Amino acid sequence: MADPLAHGPGAEAPDTTAEAIEERVQGFLRGTLPRARWSHRAHLLVGLWHLQRYPADQALQLLRQRIRRYNTAVGVANTDHSGYHETLTRFYLEAIQAELSGFGVLQALAPSQRPAAAAALLASPLADVGFPLRVYSRQRLFSVAARRQWLPPEGAGFQADPRRCESDAMDSKPPPDWWGRNWRWVVPAVCLTAVGGVVGLIALIVGAVFGLLQSATPYRQALARAQADPVVISRLGRPISAGWLMSASLNRSGGTGQARLAIPLQGSRGRGTLFVEARQTGRRWTYSTLTLQPDNSGERLNLLSPTL
């Protein structure tokens, strides 16, 4: 994150146990972590560690300070040509949140869940040191301007969930069970080329994992619809990612329920809020409200269609 493209992934595969991650992060914070161990994957684990303990904005502020401080401690100058890189740091923080959205709000993860999130991150496309070049040209990413300040991607945007095109058909078939949803986190070495991550799952109820995943259905479907909607893309730009879930309510009893959500969205050109109201009958969710309100406009754009 502090210039990860200057570091190859190396032969080292960081241990993802809680103890090993904490030891590496504390070495980074104290400036005692050997520079040889400050690999690309170590950058990812340090970024995840901060997102699990601080809001995204605060995590970014802390990393700006701490990466510069660590670089100085190990003899790396923070200049226009070396050391801290603002665009890469922010890009990876946002990419980590999108890649691990299937775990819900990272700050809400129980300590026992954190190693699984770390293993999933290191098994994801983000572990490829060249991942940012999917949406940036080398000239733009390695410019002095990108090192000094945030430059948004110029490409079409990375897709954290290649199955997003299946979202319109979700109501026509039963939802997968817990193993079907999460096997890639339990066995991250299987079929990694076919799975880039999960977008749109977020926890509405803190509790058992099975109930957590079921309660995220309206969030997942609404977000997938917004990310694919041409009107949303034209207003916010790509890539479109979800911020922290600012407000939500979910009431379920037996085979019925209702949900009301307000989901912050962010794209390369702007921000907005996705408002969702839905009712559940059996396994099907019916949507009465699906609107986008861009931050720079008082209007609400209706995104409802017969397929949702």
# chains A, B, ... in the order shown; residues from 1 in each chain; ligands from 1
>>> select_by_dssp(residues="region 31-81 of chain A", states="helix (DSSP H, G or I)", output="number ranges by chain")
A: 35-37, 40-51, 56-73
>>> residues_around(residues="region 45-52 of chain A", least_positions_apart="2", cutoff="10 Å", atoms="only C-alpha atoms", output="ChimeraX atom specification")
/A:1,14,16,21-22,24-26,28-29,38-43,54-60,62-63,67,89-90,92-94,96-97,100,105-111,114,117-119,121-122
>>> write_last_selection(atoms="C-alpha atoms", output="PDB file, in the first residue's frame")
ATOM      1  CA  MET A   1       0.000   0.000   0.000  1.00  0.00           C
ATOM      2  CA  PRO A  14       2.412 -14.546   5.752  1.00  0.00           C
ATOM      3  CA  THR A  16      -2.764 -15.617   8.927  1.00  0.00           C
ATOM      4  CA  ILE A  21      -0.733 -11.045  12.157  1.00  0.00           C
ATOM      5  CA  GLU A  22      -0.568  -9.124  15.439  1.00  0.00           C
ATOM      6  CA  ARG A  24       3.750  -8.413  12.182  1.00  0.00           C
ATOM      7  CA  VAL A  25       1.502  -5.378  12.647  1.00  0.00           C
ATOM      8  CA  GLN A  26       3.102  -4.448  15.963  1.00  0.00           C
ATOM      9  CA  PHE A  28       5.272  -2.312  11.626  1.00  0.00           C
ATOM     10  CA  LEU A  29       3.866   0.120  14.204  1.00  0.00           C
ATOM     11  CA  TRP A  38       7.360  -5.535   4.460  1.00  0.00           C
ATOM     12  CA  SER A  39       6.060  -7.415   1.422  1.00  0.00           C
ATOM     13  CA  HIS A  40       2.974  -6.726  -0.667  1.00  0.00           C
ATOM     14  CA  ARG A  41       1.006  -9.286   1.326  1.00  0.00           C
ATOM     15  CA  ALA A  42       2.168  -7.695   4.575  1.00  0.00           C
ATOM     16  CA  HIS A  43       0.797  -4.381   3.236  1.00  0.00           C
ATOM     17  CA  TYR A  54     -11.177   1.897  12.782  1.00  0.00           C
ATOM     18  CA  PRO A  55     -13.728   3.529  10.444  1.00  0.00           C
ATOM     19  CA  ALA A  56     -12.424   3.695   6.877  1.00  0.00           C
ATOM     20  CA  ASP A  57     -11.641   7.438   6.956  1.00  0.00           C
ATOM     21  CA  GLN A  58      -9.731   7.116  10.235  1.00  0.00           C
ATOM     22  CA  ALA A  59      -7.879   4.024   9.006  1.00  0.00           C
ATOM     23  CA  LEU A  60      -6.683   5.995   5.970  1.00  0.00           C
ATOM     24  CA  LEU A  62      -3.594   6.579  10.449  1.00  0.00           C
ATOM     25  CA  LEU A  63      -1.955   4.693   7.604  1.00  0.00           C
ATOM     26  CA  ILE A  67       3.523   4.164   6.693  1.00  0.00           C
ATOM     27  CA  THR A  89      -2.929   3.316  -0.154  1.00  0.00           C
ATOM     28  CA  ARG A  90      -6.492   4.550  -0.661  1.00  0.00           C
ATOM     29  CA  TYR A  92      -6.174  -0.861  -1.611  1.00  0.00           C
ATOM     30  CA  LEU A  93      -8.228   0.168   1.428  1.00  0.00           C
ATOM     31  CA  GLU A  94     -11.333   0.523  -0.758  1.00  0.00           C
ATOM     32  CA  ILE A  96     -10.107  -4.641   0.649  1.00  0.00           C
ATOM     33  CA  GLN A  97     -13.537  -3.471   1.838  1.00  0.00           C
ATOM     34  CA  LEU A 100     -14.318  -8.841   1.936  1.00  0.00           C
ATOM     35  CA  VAL A 105     -18.806  -4.845   8.443  1.00  0.00           C
ATOM     36  CA  LEU A 106     -15.125  -5.530   9.096  1.00  0.00           C
ATOM     37  CA  GLN A 107     -15.169  -3.666  12.419  1.00  0.00           C
ATOM     38  CA  ALA A 108     -17.961  -5.967  13.622  1.00  0.00           C
ATOM     39  CA  LEU A 109     -16.019  -9.183  13.011  1.00  0.00           C
ATOM     40  CA  ALA A 110     -15.423 -11.281  16.106  1.00  0.00           C
ATOM     41  CA  PRO A 111     -11.720 -11.978  16.835  1.00  0.00           C
ATOM     42  CA  ARG A 114     -10.468 -12.288  11.610  1.00  0.00           C
ATOM     43  CA  ALA A 117     -10.908 -12.792   6.555  1.00  0.00           C
ATOM     44  CA  ALA A 118      -7.109 -12.482   6.330  1.00  0.00           C
ATOM     45  CA  ALA A 119      -6.816 -15.852   4.572  1.00  0.00           C
ATOM     46  CA  LEU A 121      -7.777 -11.577   1.374  1.00  0.00           C
ATOM     47  CA  LEU A 122      -4.442 -13.262   0.640  1.00  0.00           C
TER      48      LEU A 122
END
>>> residues_around(residues="region 274-282 of chain A", least_positions_apart="4", cutoff="6 Å", atoms="only C-alpha atoms", output="PDB file with N, CA and C atoms, in the first residue's frame")
ATOM      1  N   GLY A 255     -41.840 -16.946   7.619  1.00  0.00           N
ATOM      2  CA  GLY A 255     -41.497 -16.769   6.217  1.00  0.00           C
ATOM      3  C   GLY A 255     -41.776 -15.389   5.688  1.00  0.00           C
ATOM      4  N   THR A 256     -42.056 -14.419   6.560  1.00  0.00           N
ATOM      5  CA  THR A 256     -42.314 -13.057   6.120  1.00  0.00           C
ATOM      6  C   THR A 256     -41.350 -12.094   6.785  1.00  0.00           C
ATOM      7  N   GLY A 257     -41.229 -10.922   6.214  1.00  0.00           N
ATOM      8  CA  GLY A 257     -40.358  -9.917   6.808  1.00  0.00           C
ATOM      9  C   GLY A 257     -40.368  -8.651   5.987  1.00  0.00           C
ATOM     10  N   GLN A 258     -39.717  -7.618   6.509  1.00  0.00           N
ATOM     11  CA  GLN A 258     -39.579  -6.375   5.782  1.00  0.00           C
ATOM     12  C   GLN A 258     -38.236  -5.741   6.113  1.00  0.00           C
ATOM     13  N   ALA A 259     -37.689  -5.001   5.165  1.00  0.00           N
ATOM     14  CA  ALA A 259     -36.378  -4.372   5.336  1.00  0.00           C
ATOM     15  C   ALA A 259     -36.433  -2.943   4.818  1.00  0.00           C
ATOM     16  N   ARG A 260     -35.742  -2.057   5.525  1.00  0.00           N
ATOM     17  CA  ARG A 260     -35.564  -0.670   5.085  1.00  0.00           C
ATOM     18  C   ARG A 260     -34.082  -0.342   5.251  1.00  0.00           C
ATOM     19  N   LEU A 261     -33.437   0.043   4.167  1.00  0.00           N
ATOM     20  CA  LEU A 261     -31.998   0.276   4.157  1.00  0.00           C
ATOM     21  C   LEU A 261     -31.671   1.631   3.546  1.00  0.00           C
ATOM     22  N   ALA A 262     -30.587   2.197   4.013  1.00  0.00           N
ATOM     23  CA  ALA A 262     -29.997   3.379   3.374  1.00  0.00           C
ATOM     24  C   ALA A 262     -28.510   3.078   3.206  1.00  0.00           C
ATOM     25  N   ILE A 263     -28.082   2.820   1.960  1.00  0.00           N
ATOM     26  CA  ILE A 263     -26.733   2.327   1.688  1.00  0.00           C
ATOM     27  C   ILE A 263     -25.910   3.426   1.003  1.00  0.00           C
ATOM     28  N   THR A 286     -39.788  -8.758  -2.357  1.00  0.00           N
ATOM     29  CA  THR A 286     -40.424  -7.850  -3.305  1.00  0.00           C
ATOM     30  C   THR A 286     -40.083  -6.416  -2.895  1.00  0.00           C
ATOM     31  N   TYR A 287     -39.645  -5.619  -3.864  1.00  0.00           N
ATOM     32  CA  TYR A 287     -39.138  -4.280  -3.589  1.00  0.00           C
ATOM     33  C   TYR A 287     -40.173  -3.226  -3.966  1.00  0.00           C
ATOM     34  N   SER A 288     -40.500  -2.368  -2.995  1.00  0.00           N
ATOM     35  CA  SER A 288     -41.415  -1.256  -3.257  1.00  0.00           C
ATOM     36  C   SER A 288     -40.659   0.047  -3.473  1.00  0.00           C
ATOM     37  N   THR A 289     -39.435   0.111  -2.978  1.00  0.00           N
ATOM     38  CA  THR A 289     -38.596   1.306  -3.148  1.00  0.00           C
ATOM     39  C   THR A 289     -37.180   0.878  -3.472  1.00  0.00           C
ATOM     40  N   LEU A 290     -36.630   1.441  -4.525  1.00  0.00           N
ATOM     41  CA  LEU A 290     -35.220   1.275  -4.871  1.00  0.00           C
ATOM     42  C   LEU A 290     -34.810   2.547  -5.614  1.00  0.00           C
ATOM     43  N   THR A 291     -34.310   3.516  -4.867  1.00  0.00           N
ATOM     44  CA  THR A 291     -34.001   4.824  -5.443  1.00  0.00           C
ATOM     45  C   THR A 291     -32.591   5.260  -5.070  1.00  0.00           C
ATOM     46  N   LEU A 292     -31.994   6.019  -5.949  1.00  0.00           N
ATOM     47  CA  LEU A 292     -30.684   6.612  -5.696  1.00  0.00           C
ATOM     48  C   LEU A 292     -30.838   8.116  -5.544  1.00  0.00           C
TER      49      LEU A 292
END
>>> closest_residue(among="A:Leu126, A:Val144, A:Ala73, A:Leu88", to="Leu44 (chain A)", atoms="only C-alpha atoms")
A:Leu126
>>> atom_distance(atom1="CA of Ala242 (chain A)", atom2="CA of Phe142 (chain A)")
26.9 Å
>>> closest_residue(among="A:Arg284, A:Arg235, A:Arg252, A:Arg134", to="Gly267 (chain A)", atoms="only C-alpha atoms")
A:Arg235
>>> atom_distance(atom1="CA of Arg68 (chain A)", atom2="CA of Gly27 (chain A)")
14.4 Å
>>> residues_around(residues="Gln293 (chain A)", least_positions_apart="3", cutoff="12 Å", atoms="only C-alpha atoms", output="PyMOL selection string")
chain A and resi 226+231-232+235-236+262-266+270-276+290+296-303
